[in-house]
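Engineer: Pasting in a structure now, in structure tokens, and then I'll have a few things to ask.
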Amino acid sequence: MNNFKYLAFLLFFVVTINASGQQNAPTGLLCNLLSHPESAVITHKIPDFGWIVNAGVKDDYQTAYHIEIASSPSLLQAGNPDLWNTGKITSAQSINIKYEGKALEQNKSYWWRVCSWGKTGKQSAWSNIQKFNTGNFDAVKIWPDESKWVELPDEQGKKLPAFEDRDPIVYYDRTPVKTVKQKNGNMFYDFKKDAFAYLTLNLLWEPGAASVDSLTLSIGEKGIGDSIDQKPGGGIIYQTYKIALKKGVNDYVLNIPRFVPQFPWSQVMPLQLPEVIPFRYCEIKAMPGLKINTITQKALTVKFDSNASAFSCSDDRLNQIYEMCKYSTIANTFNGDYANSERERMMYEADCYIQQMCHYAIDREFSTARYSTENLIYHASWPTEWISHSVFMAWSDYLYTGNKGLIEKYYNDLKAKTLIALETPEGLISSRTGLQTKSFLASIHYNGDLLHDIDDWPDADQGIYPSGETDNYERKDYNTVVNAFYYRALVLMSQISFATDHKEDAAFFDEKAEKVKKKFNEAFFDKVSRIYIDGIGSRHSSIQANLFPLAFGLVPDLHKESVVNFVKSKWMACGVYASNYLMEGLYNAEQGSYALDLITNDSDRGWLNMIRVGATMTTEAWDLKYDPQDMSWSHAWSASPAHIIPRRIMGIQPAEPGFGKIIIKPQPGDLKWAKMKLPTIHGDILTSLSQDARSSFNLDITIPANTTAKIYLPKIADNYTIWVDDKIVKDAKIDGSWVIVNSPSGNHSFKIKRN
């Protein structure tokens, strides 16, 4: 079932209600945020557990739960758990419940299940039983949460590679969607999508007297008609290999040469697994006596539920962009982390933050993002602003999981990642004032020489890229973009401090953020042009100097109109990375219609161009001409529509850490209709909206049991009527251009219509 048909089915169903009012059995079991703990090992002595509460009646919520953990599944089935039996616990908590049973042993397997009670007081059926494995609790690690490859026996006893504390990676089989025999006899295969993969083949070879004994095979990412582009440019892949043949029918594997790290902290695959390289196409040179029986692309990603999320709308351009960005997010997890790009296979904070947000939006998976966050805390990259992204990633981990483990463990590291040590008496930070001491660099776990400001990317200062990606940004000692990130990191650090009960720190960072905001606007805002300049001493104003303040809440209400107008005048004069924040800023300013125009624009600076040139993953730059040296066709940092569409267009965001409370504040622009399925740690959120030329707006939602939502409806006129579940509401709260209605869990409909 394709995503759109699946979504249509979901959006028109009614939540199954038991006639008896009994709550449905919990699903979506998580152990240490792992959805597949049976395929991993846990190295923490005290894991935590969570599940999805499933409604038994309308507007349901959990009132109690009962967890059982045993050393064998048969003990659970017999109702005799030997490790932990909580009995009935009166609590609404259904995520991040710490283990309190008998001490778990190392390198063993355990099984658990849970049941719950809803508001009717009736017990649910037991959940399915989930297996989890422990690893070595006391292994020496190079950094605190290092995740090593280990061997884990399957049900037949065969040892397979697995991760510590991370969900597994899996090879998925894909057969060609198109096969063409060329005039020269060569065979051309199109697997539909680019993927980090290798090939398997089944061949019949009957050698003749003058036959060569090896097959010549090419793979690549870019096609030209029914062949592969042999000179694709940049970092786009084209490779040729030879495979030695044996007489008769035999199975063959294309053994990709092992990736050789060229950069610090590049991620490599274990020798037990076949190496991969990104490709979509394969071409096999004709040779006498050869028959190709089967050919399979073995695509490698983290384990993925393709039906966990779905989106469709009235604009097919946006549908195509969503599908490409969704696919790109998962296709670039082949290492079990966010170290995408064949060139480097190295994690960078900005890349990983964007991919993290996309991953949360497309699958109910959290361990890949957590590992990537932890890894980057100890393996910082060189751009000044990207250090701040570690704070962004840590906060997002807490916001989407409700789990404090990461922000508590790395609290002091995160304080350093705000870059507060680079603040000068100016009240701003700079990477150029001699404050990058050895102790400072050690505090942020950076092992290079010095941090360098990046502003956007590619960087015209390198002399190899046109200036269009940075909008001629004029870099100074005190840069606007760098200090916008500093402010945002301080704001988030205040929230992290409060969440971890560091109340004095919370007050300190909050006060510091306000001071920086005041100084920022004094130093960087030009009162004549009424927009931001690039830095102290600059006379130039770039889109970057204005979009980041807009995204991070630095622009006073008095000046929002002039800043927004300037940003809009620049169209898409930024790189793919900065476009993530361009969209955040525009939606913050309630410029949904314009933002949608940007997302769906058909120029060479947009996502449709990536599709037009033949890429199936999002690319490293808007077009090859903007990065002719390195641009890859496998980069998830440009996949931001995968999270912008659900978070901003459909308006679904957590109102509190863990999604127990939800905000739905859609900005659909001129879309006639749109539908979304969004997975969260508490379960799926379904929304369906339609509108009619500003005369009416309709919103149907399904929100998970055990949650509540605040619904924002556009105030379409001075005189209007609101219906909630077909009943007129007269006392709805007004907030600017929005009408706010609170909603319990379950299926609900909202309508606002001009009188």
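Just remember, in the structure tokens the first chain shown is A, the second B, etc., residues are 1-based per chain, and ligands are 1-based in the order shown.
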Need to verify the contact set: stretch 232-248 of chain A, 8 Å, only C-alpha atoms, exclusion of same-chain residues closer than 2 positions in sequence. Can you return it as a PyMOL selection string?

Structural biologist: chain A and resi 203-207+213-222+228-230+250+254+278-279+343+624+627-633

Engineer: Using the selection just defined, write its residues with N, CA, C and O atoms as a compact mmCIF listing (two decimals), in the first residue's frame.

Structural biologist:
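Final file, again_24.txt:
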```txt
# COMPACT_ATOMS: atom_id res chain seq x y z
N LEU A 203 24.02 -15.30 -12.26
CA LEU A 203 24.43 -15.28 -13.66
C LEU A 203 24.63 -16.69 -14.18
O LEU A 203 25.10 -17.59 -13.46
N LEU A 204 24.30 -16.88 -15.45
CA LEU A 204 24.68 -18.08 -16.19
C LEU A 204 25.76 -17.69 -17.17
O LEU A 204 25.58 -16.78 -17.99
N TRP A 205 26.90 -18.38 -17.07
CA TRP A 205 28.00 -18.07 -17.99
C TRP A 205 28.49 -19.35 -18.63
O TRP A 205 28.87 -20.31 -17.94
N GLU A 206 28.44 -19.37 -19.96
CA GLU A 206 28.94 -20.50 -20.75
C GLU A 206 30.06 -19.97 -21.64
O GLU A 206 29.81 -19.46 -22.74
N PRO A 207 31.30 -20.04 -21.18
CA PRO A 207 32.41 -19.41 -21.90
C PRO A 207 32.68 -20.08 -23.24
O PRO A 207 32.58 -21.30 -23.39
N ASP A 213 37.21 -13.87 -18.91
CA ASP A 213 36.62 -14.54 -17.75
C ASP A 213 36.20 -13.58 -16.66
O ASP A 213 36.09 -13.95 -15.50
N SER A 214 35.95 -12.32 -17.03
CA SER A 214 35.46 -11.36 -16.03
C SER A 214 34.42 -10.45 -16.65
O SER A 214 34.49 -10.10 -17.84
N LEU A 215 33.49 -10.09 -15.84
CA LEU A 215 32.39 -9.21 -16.24
C LEU A 215 32.74 -7.77 -15.87
O LEU A 215 33.27 -7.52 -14.78
N THR A 216 32.44 -6.84 -16.76
CA THR A 216 32.65 -5.42 -16.48
C THR A 216 31.30 -4.78 -16.15
O THR A 216 30.34 -4.89 -16.92
N LEU A 217 31.26 -4.12 -15.01
CA LEU A 217 30.00 -3.59 -14.47
C LEU A 217 30.24 -2.16 -13.99
O LEU A 217 31.25 -1.88 -13.33
N SER A 218 29.31 -1.26 -14.32
CA SER A 218 29.40 0.13 -13.86
C SER A 218 28.16 0.48 -13.04
O SER A 218 27.06 -0.01 -13.31
N ILE A 219 28.37 1.31 -12.04
CA ILE A 219 27.24 1.83 -11.26
C ILE A 219 27.36 3.35 -11.19
O ILE A 219 28.46 3.91 -11.32
N GLY A 220 26.23 4.02 -11.00
CA GLY A 220 26.27 5.47 -10.92
C GLY A 220 24.98 6.05 -10.38
O GLY A 220 23.97 5.35 -10.25
N GLU A 221 25.02 7.33 -10.11
CA GLU A 221 23.87 8.03 -9.54
C GLU A 221 23.09 8.83 -10.58
O GLU A 221 21.91 9.11 -10.39
N LYS A 222 23.75 9.22 -11.66
CA LYS A 222 23.13 10.11 -12.63
C LYS A 222 22.96 9.40 -13.96
O LYS A 222 23.91 8.78 -14.47
N ILE A 228 24.34 5.40 -18.04
CA ILE A 228 24.84 6.13 -16.88
C ILE A 228 25.74 7.27 -17.35
O ILE A 228 26.56 7.09 -18.26
N ASP A 229 25.58 8.43 -16.74
CA ASP A 229 26.46 9.56 -17.00
C ASP A 229 27.84 9.22 -16.44
O ASP A 229 28.02 9.07 -15.23
N GLN A 230 28.83 9.10 -17.33
CA GLN A 230 30.17 8.71 -16.90
C GLN A 230 30.99 9.89 -16.40
O GLN A 230 32.06 9.69 -15.81
N ASN A 250 25.74 -19.26 -11.12
CA ASN A 250 26.35 -18.95 -9.83
C ASN A 250 25.83 -17.62 -9.30
O ASN A 250 25.38 -16.75 -10.07
N LEU A 254 28.93 -8.00 -5.75
CA LEU A 254 29.84 -6.92 -6.10
C LEU A 254 30.50 -6.43 -4.82
O LEU A 254 29.86 -5.78 -3.99
N PRO A 278 26.84 4.90 -2.80
CA PRO A 278 25.55 5.33 -3.36
C PRO A 278 25.47 5.14 -4.87
O PRO A 278 26.38 5.51 -5.60
N PHE A 279 24.38 4.52 -5.33
CA PHE A 279 24.11 4.40 -6.76
C PHE A 279 22.64 4.11 -6.98
O PHE A 279 21.95 3.58 -6.12
N ARG A 343 31.72 11.14 0.47
CA ARG A 343 33.03 11.79 0.50
C ARG A 343 33.65 11.76 1.90
O ARG A 343 34.84 11.52 2.04
N LEU A 624 24.60 21.75 -9.28
CA LEU A 624 26.02 21.48 -9.48
C LEU A 624 26.81 22.76 -9.76
O LEU A 624 27.96 22.88 -9.34
N ASP A 627 28.26 24.32 -6.68
CA ASP A 627 29.32 23.57 -6.01
C ASP A 627 29.91 22.56 -6.99
O ASP A 627 29.74 21.36 -6.84
N PRO A 628 30.59 23.04 -8.01
CA PRO A 628 31.08 22.14 -9.07
C PRO A 628 32.19 21.20 -8.62
O PRO A 628 32.47 20.23 -9.31
N GLN A 629 32.78 21.46 -7.49
CA GLN A 629 33.92 20.65 -7.06
C GLN A 629 33.49 19.41 -6.27
O GLN A 629 33.98 18.31 -6.52
N ASP A 630 32.58 19.57 -5.31
CA ASP A 630 32.31 18.50 -4.35
C ASP A 630 30.88 17.99 -4.32
O ASP A 630 30.62 16.95 -3.72
N MET A 631 29.92 18.69 -4.91
CA MET A 631 28.52 18.42 -4.60
C MET A 631 28.15 16.95 -4.76
O MET A 631 28.37 16.34 -5.79
N SER A 632 27.57 16.41 -3.68
CA SER A 632 27.11 15.02 -3.71
C SER A 632 25.60 14.99 -3.91
O SER A 632 24.90 15.97 -3.68
N TRP A 633 25.11 13.82 -4.32
CA TRP A 633 23.68 13.60 -4.48
C TRP A 633 23.14 12.77 -3.32
O TRP A 633 22.12 12.10 -3.45
```

Engineer: Could the residues of stretch 555-612 of chain A that have an atom at most 8 Å from stretch 516-530 of chain A be listed as JSON lines, each with its closest atom pair and the distance in Å to one decimal, counting only C-alpha atoms and ordered by chain and ascending residue number?

Structural biologist:
```
{"residue": "A:Val555", "atom": "CA", "partner": "A:Asn521", "partner_atom": "CA", "distance": 7.9}
{"residue": "A:His559", "atom": "CA", "partner": "A:Arg530", "partner_atom": "CA", "distance": 6.8}
{"residue": "A:Ser562", "atom": "CA", "partner": "A:Arg530", "partner_atom": "CA", "distance": 6.1}
{"residue": "A:Val563", "atom": "CA", "partner": "A:Arg530", "partner_atom": "CA", "distance": 7.0}
```

Engineer: Residues near stretch 262-267 of chain A, anyone? I mean within 9 Å using only C-alpha atoms, not counting same-chain ones fewer than 5 positions away, as a JSON list (two decimals) with N, CA, C and O atoms, in the first residue's frame.

Structural biologist:
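Written output follows (selection36.json):
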```json
[["chain", "number", "residue", "atom", "x", "y", "z"],
["A", 335, "ASN", "N", 25.14, 4.23, 8.10],
["A", 335, "ASN", "CA", 26.12, 3.92, 9.14],
["A", 335, "ASN", "C", 25.48, 3.71, 10.51],
["A", 335, "ASN", "O", 26.18, 3.50, 11.49],
["A", 337, "ASP", "N", 23.96, 6.17, 11.90],
["A", 337, "ASP", "CA", 24.09, 7.51, 12.47],
["A", 337, "ASP", "C", 23.82, 8.50, 11.36],
["A", 337, "ASP", "O", 23.30, 8.13, 10.31],
["A", 339, "ALA", "N", 26.15, 10.31, 9.73],
["A", 339, "ALA", "CA", 27.38, 10.62, 9.00],
["A", 339, "ALA", "C", 27.17, 10.30, 7.52],
["A", 339, "ALA", "O", 27.71, 9.33, 7.00],
["A", 343, "ARG", "N", 31.72, 11.14, 0.47],
["A", 343, "ARG", "CA", 33.03, 11.79, 0.50],
["A", 343, "ARG", "C", 33.65, 11.76, 1.90],
["A", 343, "ARG", "O", 34.84, 11.52, 2.04],
["A", 344, "GLU", "N", 32.85, 12.00, 2.93],
["A", 344, "GLU", "CA", 33.40, 12.16, 4.28],
["A", 344, "GLU", "C", 32.92, 11.12, 5.28],
["A", 344, "GLU", "O", 33.68, 10.69, 6.13],
["A", 345, "ARG", "N", 31.64, 10.74, 5.22],
["A", 345, "ARG", "CA", 31.06, 9.85, 6.24],
["A", 345, "ARG", "C", 31.43, 10.34, 7.64],
["A", 345, "ARG", "O", 31.81, 9.57, 8.51],
["A", 346, "MET", "N", 31.29, 11.62, 7.81],
["A", 346, "MET", "CA", 31.65, 12.27, 9.07],
["A", 346, "MET", "C", 30.49, 13.15, 9.52],
["A", 346, "MET", "O", 29.83, 13.79, 8.69],
["A", 347, "MET", "N", 30.23, 13.15, 10.81],
["A", 347, "MET", "CA", 29.11, 13.91, 11.32],
["A", 347, "MET", "C", 29.48, 15.37, 11.58],
["A", 347, "MET", "O", 30.56, 15.65, 12.11],
["A", 379, "HIS", "N", 33.03, 15.01, 19.61],
["A", 379, "HIS", "CA", 33.78, 15.11, 18.36],
["A", 379, "HIS", "C", 33.32, 16.34, 17.58],
["A", 379, "HIS", "O", 32.75, 16.23, 16.50]]
```

Engineer: To one decimal in Å, tell me the separation between atom CA of A:Glu474 and atom CA of A:His452.

Structural biologist: 14.2 Å

Engineer: List the spatial neighbours of A:Phe508 as a PyMOL selection string - criterion: any atom at most 12 Å away, only C-alpha atoms, same-chain residues fewer than 4 positions off excluded.

Structural biologist: chain A and resi 415+420+490-491+493-495+497-498+502-504+512-515

Engineer: Deliver the residues from the most recent selection as a file, using N, CA and C atoms, as a CSV table (one decimal), in the first residue's frame.

Structural biologist:
```csv
chain,number,residue,atom,x,y,z
A,415,LYS,N,26.8,23.4,28.5
A,415,LYS,CA,27.1,24.8,28.9
A,415,LYS,C,28.3,25.3,28.1
A,420,ILE,N,29.9,30.5,25.5
A,420,ILE,CA,29.9,31.7,26.4
A,420,ILE,C,31.3,32.1,26.8
A,490,LEU,N,21.9,30.2,24.3
A,490,LEU,CA,21.7,30.7,25.6
A,490,LEU,C,20.2,30.5,26.1
A,491,VAL,N,19.3,30.7,25.2
A,491,VAL,CA,17.9,30.5,25.4
A,491,VAL,C,17.6,29.0,25.7
A,493,MET,N,19.8,26.8,26.6
A,493,MET,CA,20.5,26.3,27.8
A,493,MET,C,19.8,26.7,29.1
A,494,SER,N,19.1,27.8,29.0
A,494,SER,CA,18.3,28.2,30.2
A,494,SER,C,17.2,27.2,30.4
A,495,GLN,N,16.5,26.7,29.3
A,495,GLN,CA,15.5,25.7,29.4
A,495,GLN,C,16.0,24.4,29.8
A,497,SER,N,18.7,24.0,31.7
A,497,SER,CA,19.0,24.1,33.1
A,497,SER,C,17.8,24.0,34.0
A,498,PHE,N,16.7,24.6,33.6
A,498,PHE,CA,15.5,24.5,34.3
A,498,PHE,C,15.0,23.0,34.4
A,502,HIS,N,18.7,22.9,37.6
A,502,HIS,CA,19.8,23.8,37.9
A,502,HIS,C,19.2,25.2,37.8
A,503,LYS,N,18.4,25.6,38.8
A,503,LYS,CA,17.6,26.8,38.8
A,503,LYS,C,18.4,28.0,38.7
A,504,GLU,N,19.5,28.1,39.4
A,504,GLU,CA,20.4,29.3,39.4
A,504,GLU,C,20.9,29.5,38.0
A,512,LYS,N,21.4,36.3,30.8
A,512,LYS,CA,22.4,36.5,29.8
A,512,LYS,C,21.8,36.6,28.4
A,513,ALA,N,20.8,35.8,28.1
A,513,ALA,CA,20.2,35.8,26.7
A,513,ALA,C,19.5,37.2,26.5
A,514,GLU,N,18.9,37.7,27.5
A,514,GLU,CA,18.2,39.0,27.3
A,514,GLU,C,19.3,40.1,27.1
A,515,LYS,N,20.4,40.1,27.8
A,515,LYS,CA,21.5,41.1,27.6
A,515,LYS,C,22.1,40.9,26.2
```

Engineer: Name the residues of stretch 180-320 of chain A that fall into alpha helix (DSSP H) according to DSSP on the backbone, using the chain letters and numbers of this document, as a list in words.

Structural biologist: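 Output for stretch 180-320 of chain A, alpha helix (DSSP H) only: Asp316, Arg317, Leu318, Asn319 and Gln320 of chain A.
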
Engineer: For those residues, write all heavy atoms to a file as a PDB file, in the first residue's frame.

Structural biologist:
```
ATOM      1  N   ASP A 316       0.846  18.781  -6.054  1.00  0.00           N
ATOM      2  CA  ASP A 316       1.685  17.597  -6.259  1.00  0.00           C
ATOM      3  C   ASP A 316       3.172  17.934  -6.196  1.00  0.00           C
ATOM      4  O   ASP A 316       3.992  17.051  -5.913  1.00  0.00           O
ATOM      5  CB  ASP A 316       1.360  16.931  -7.596  1.00  0.00           C
ATOM      6  CG  ASP A 316       1.989  15.549  -7.699  1.00  0.00           C
ATOM      7  OD1 ASP A 316       1.765  14.727  -6.781  1.00  0.00           O
ATOM      8  OD2 ASP A 316       2.734  15.300  -8.663  1.00  0.00           O
ATOM      9  N   ARG A 317       3.526  19.180  -6.441  1.00  0.00           N
ATOM     10  CA  ARG A 317       4.941  19.562  -6.299  1.00  0.00           C
ATOM     11  C   ARG A 317       5.412  19.343  -4.865  1.00  0.00           C
ATOM     12  O   ARG A 317       6.502  18.815  -4.622  1.00  0.00           O
ATOM     13  CB  ARG A 317       5.141  21.026  -6.701  1.00  0.00           C
ATOM     14  CG  ARG A 317       4.806  21.361  -8.139  1.00  0.00           C
ATOM     15  CD  ARG A 317       4.864  22.857  -8.368  1.00  0.00           C
ATOM     16  NE  ARG A 317       3.955  23.577  -7.469  1.00  0.00           N
ATOM     17  CZ  ARG A 317       3.906  24.910  -7.345  1.00  0.00           C
ATOM     18  NH1 ARG A 317       4.725  25.665  -8.061  1.00  0.00           N
ATOM     19  NH2 ARG A 317       3.042  25.477  -6.525  1.00  0.00           N
ATOM     20  N   LEU A 318       4.573  19.738  -3.923  1.00  0.00           N
ATOM     21  CA  LEU A 318       4.932  19.572  -2.517  1.00  0.00           C
ATOM     22  C   LEU A 318       4.943  18.100  -2.134  1.00  0.00           C
ATOM     23  O   LEU A 318       5.786  17.666  -1.336  1.00  0.00           O
ATOM     24  CB  LEU A 318       3.956  20.351  -1.628  1.00  0.00           C
ATOM     25  CG  LEU A 318       4.368  20.520  -0.157  1.00  0.00           C
ATOM     26  CD1 LEU A 318       5.675  21.287  -0.045  1.00  0.00           C
ATOM     27  CD2 LEU A 318       3.275  21.216   0.635  1.00  0.00           C
ATOM     28  N   ASN A 319       4.045  17.318  -2.710  1.00  0.00           N
ATOM     29  CA  ASN A 319       4.053  15.880  -2.454  1.00  0.00           C
ATOM     30  C   ASN A 319       5.376  15.258  -2.885  1.00  0.00           C
ATOM     31  O   ASN A 319       5.965  14.441  -2.165  1.00  0.00           O
ATOM     32  CB  ASN A 319       2.904  15.196  -3.206  1.00  0.00           C
ATOM     33  CG  ASN A 319       1.534  15.614  -2.699  1.00  0.00           C
ATOM     34  OD1 ASN A 319       1.381  15.988  -1.534  1.00  0.00           O
ATOM     35  ND2 ASN A 319       0.543  15.561  -3.570  1.00  0.00           N
ATOM     36  N   GLN A 320       5.847  15.640  -4.053  1.00  0.00           N
ATOM     37  CA  GLN A 320       7.111  15.101  -4.562  1.00  0.00           C
ATOM     38  C   GLN A 320       8.289  15.517  -3.674  1.00  0.00           C
ATOM     39  O   GLN A 320       9.191  14.713  -3.396  1.00  0.00           O
ATOM     40  CB  GLN A 320       7.352  15.586  -5.988  1.00  0.00           C
ATOM     41  CG  GLN A 320       6.379  15.047  -7.009  1.00  0.00           C
ATOM     42  CD  GLN A 320       6.677  15.590  -8.395  1.00  0.00           C
ATOM     43  OE1 GLN A 320       7.785  15.443  -8.923  1.00  0.00           O
ATOM     44  NE2 GLN A 320       5.696  16.241  -8.996  1.00  0.00           N
TER      45      GLN A 320
END
```

Engineer: Check the smallest atom-to-atom distance from each of A:Cys574, A:Ile454, A:Cys313, A:Ala350 to A:Thr470 using only C-alpha atoms, then report the winner.

Structural biologist: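 Checking each candidate against A:Thr470, we get A:Cys574 as the closest.
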
Engineer: Looking at A:Ile277, A:Ala421, A:Ala361, A:Cys115, which one is nearest to A:Gly434, with distances taken over only C-alpha atoms?

Structural biologist: A:Ala421

Engineer: Fewer than 4 positions away in the same chain doesn't count, so skip those; otherwise give me all residues within 9 Å of A:Asp145, counting only C-alpha atoms, as a ChimeraX atom specification.

Structural biologist: /A:141,165,371,374-375

Engineer: What is the distance between atom CA of A:Ile722 and atom CA of A:Ile663, in Å to one decimal?

Structural biologist: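 Computing the Euclidean distance for atom CA of A:Ile722 and atom CA of A:Ile663 yields 18.3 Å.
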
Engineer: Skip A:Pro26 itself and residues of its chain fewer than 4 positions away, then list as a list in words all residues within 7 Å of it, counting only C-alpha atoms.

Structural biologist: Trp51, Ile52, Val53, Asn54, Val114, Cys115 and Ser127 of chain A

Engineer: Just the selected residues (N, CA, C and O atoms), exported as a PDB file, in the first residue's frame, please.

Structural biologist:
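result-v7.pdb, written as the output of this step:
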```
ATOM      1  N   TRP A  51       5.673   3.004  26.115  1.00  0.00           N
ATOM      2  CA  TRP A  51       4.704   2.384  25.222  1.00  0.00           C
ATOM      3  C   TRP A  51       3.685   3.417  24.777  1.00  0.00           C
ATOM      4  O   TRP A  51       3.622   4.541  25.292  1.00  0.00           O
ATOM      5  N   ILE A  52       2.898   3.033  23.800  1.00  0.00           N
ATOM      6  CA  ILE A  52       1.786   3.861  23.328  1.00  0.00           C
ATOM      7  C   ILE A  52       0.509   3.402  24.015  1.00  0.00           C
ATOM      8  O   ILE A  52       0.187   2.212  24.022  1.00  0.00           O
ATOM      9  N   VAL A  53      -0.201   4.344  24.610  1.00  0.00           N
ATOM     10  CA  VAL A  53      -1.504   4.064  25.223  1.00  0.00           C
ATOM     11  C   VAL A  53      -2.559   4.110  24.123  1.00  0.00           C
ATOM     12  O   VAL A  53      -2.650   5.096  23.379  1.00  0.00           O
ATOM     13  N   ASN A  54      -3.337   3.056  24.000  1.00  0.00           N
ATOM     14  CA  ASN A  54      -4.358   2.977  22.955  1.00  0.00           C
ATOM     15  C   ASN A  54      -5.752   3.098  23.565  1.00  0.00           C
ATOM     16  O   ASN A  54      -6.086   2.425  24.532  1.00  0.00           O
ATOM     17  N   VAL A 114       3.584  -5.127  29.073  1.00  0.00           N
ATOM     18  CA  VAL A 114       2.884  -4.134  29.891  1.00  0.00           C
ATOM     19  C   VAL A 114       1.397  -4.175  29.572  1.00  0.00           C
ATOM     20  O   VAL A 114       0.988  -4.507  28.457  1.00  0.00           O
ATOM     21  N   CYS A 115       0.597  -3.881  30.560  1.00  0.00           N
ATOM     22  CA  CYS A 115      -0.819  -3.619  30.336  1.00  0.00           C
ATOM     23  C   CYS A 115      -1.159  -2.296  31.014  1.00  0.00           C
ATOM     24  O   CYS A 115      -0.368  -1.758  31.791  1.00  0.00           O
ATOM     25  N   SER A 127       0.316  -6.286  26.322  1.00  0.00           N
ATOM     26  CA  SER A 127       1.001  -5.989  25.067  1.00  0.00           C
ATOM     27  C   SER A 127       1.676  -7.248  24.538  1.00  0.00           C
ATOM     28  O   SER A 127       1.788  -8.261  25.245  1.00  0.00           O
TER      29      SER A 127
END
```

Engineer: Looking only at the backbone, which of the residues in stretch 85-283 of chain A does DSSP tag as strand (DSSP E or B), as a ChimeraX atom specification?

Structural biologist: /A:85,89-90,97-98,109-117,123,130-134,149-153,159-164,169-174,178-181,187-205,214-220,223-224,227-228,238-244,248-253,277-283

Engineer: Hey, can you check how far atom CA of A:Tyr712 sits from atom CA of A:Gly56?

Structural biologist: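 Those two atoms sit 27.0 Å apart.
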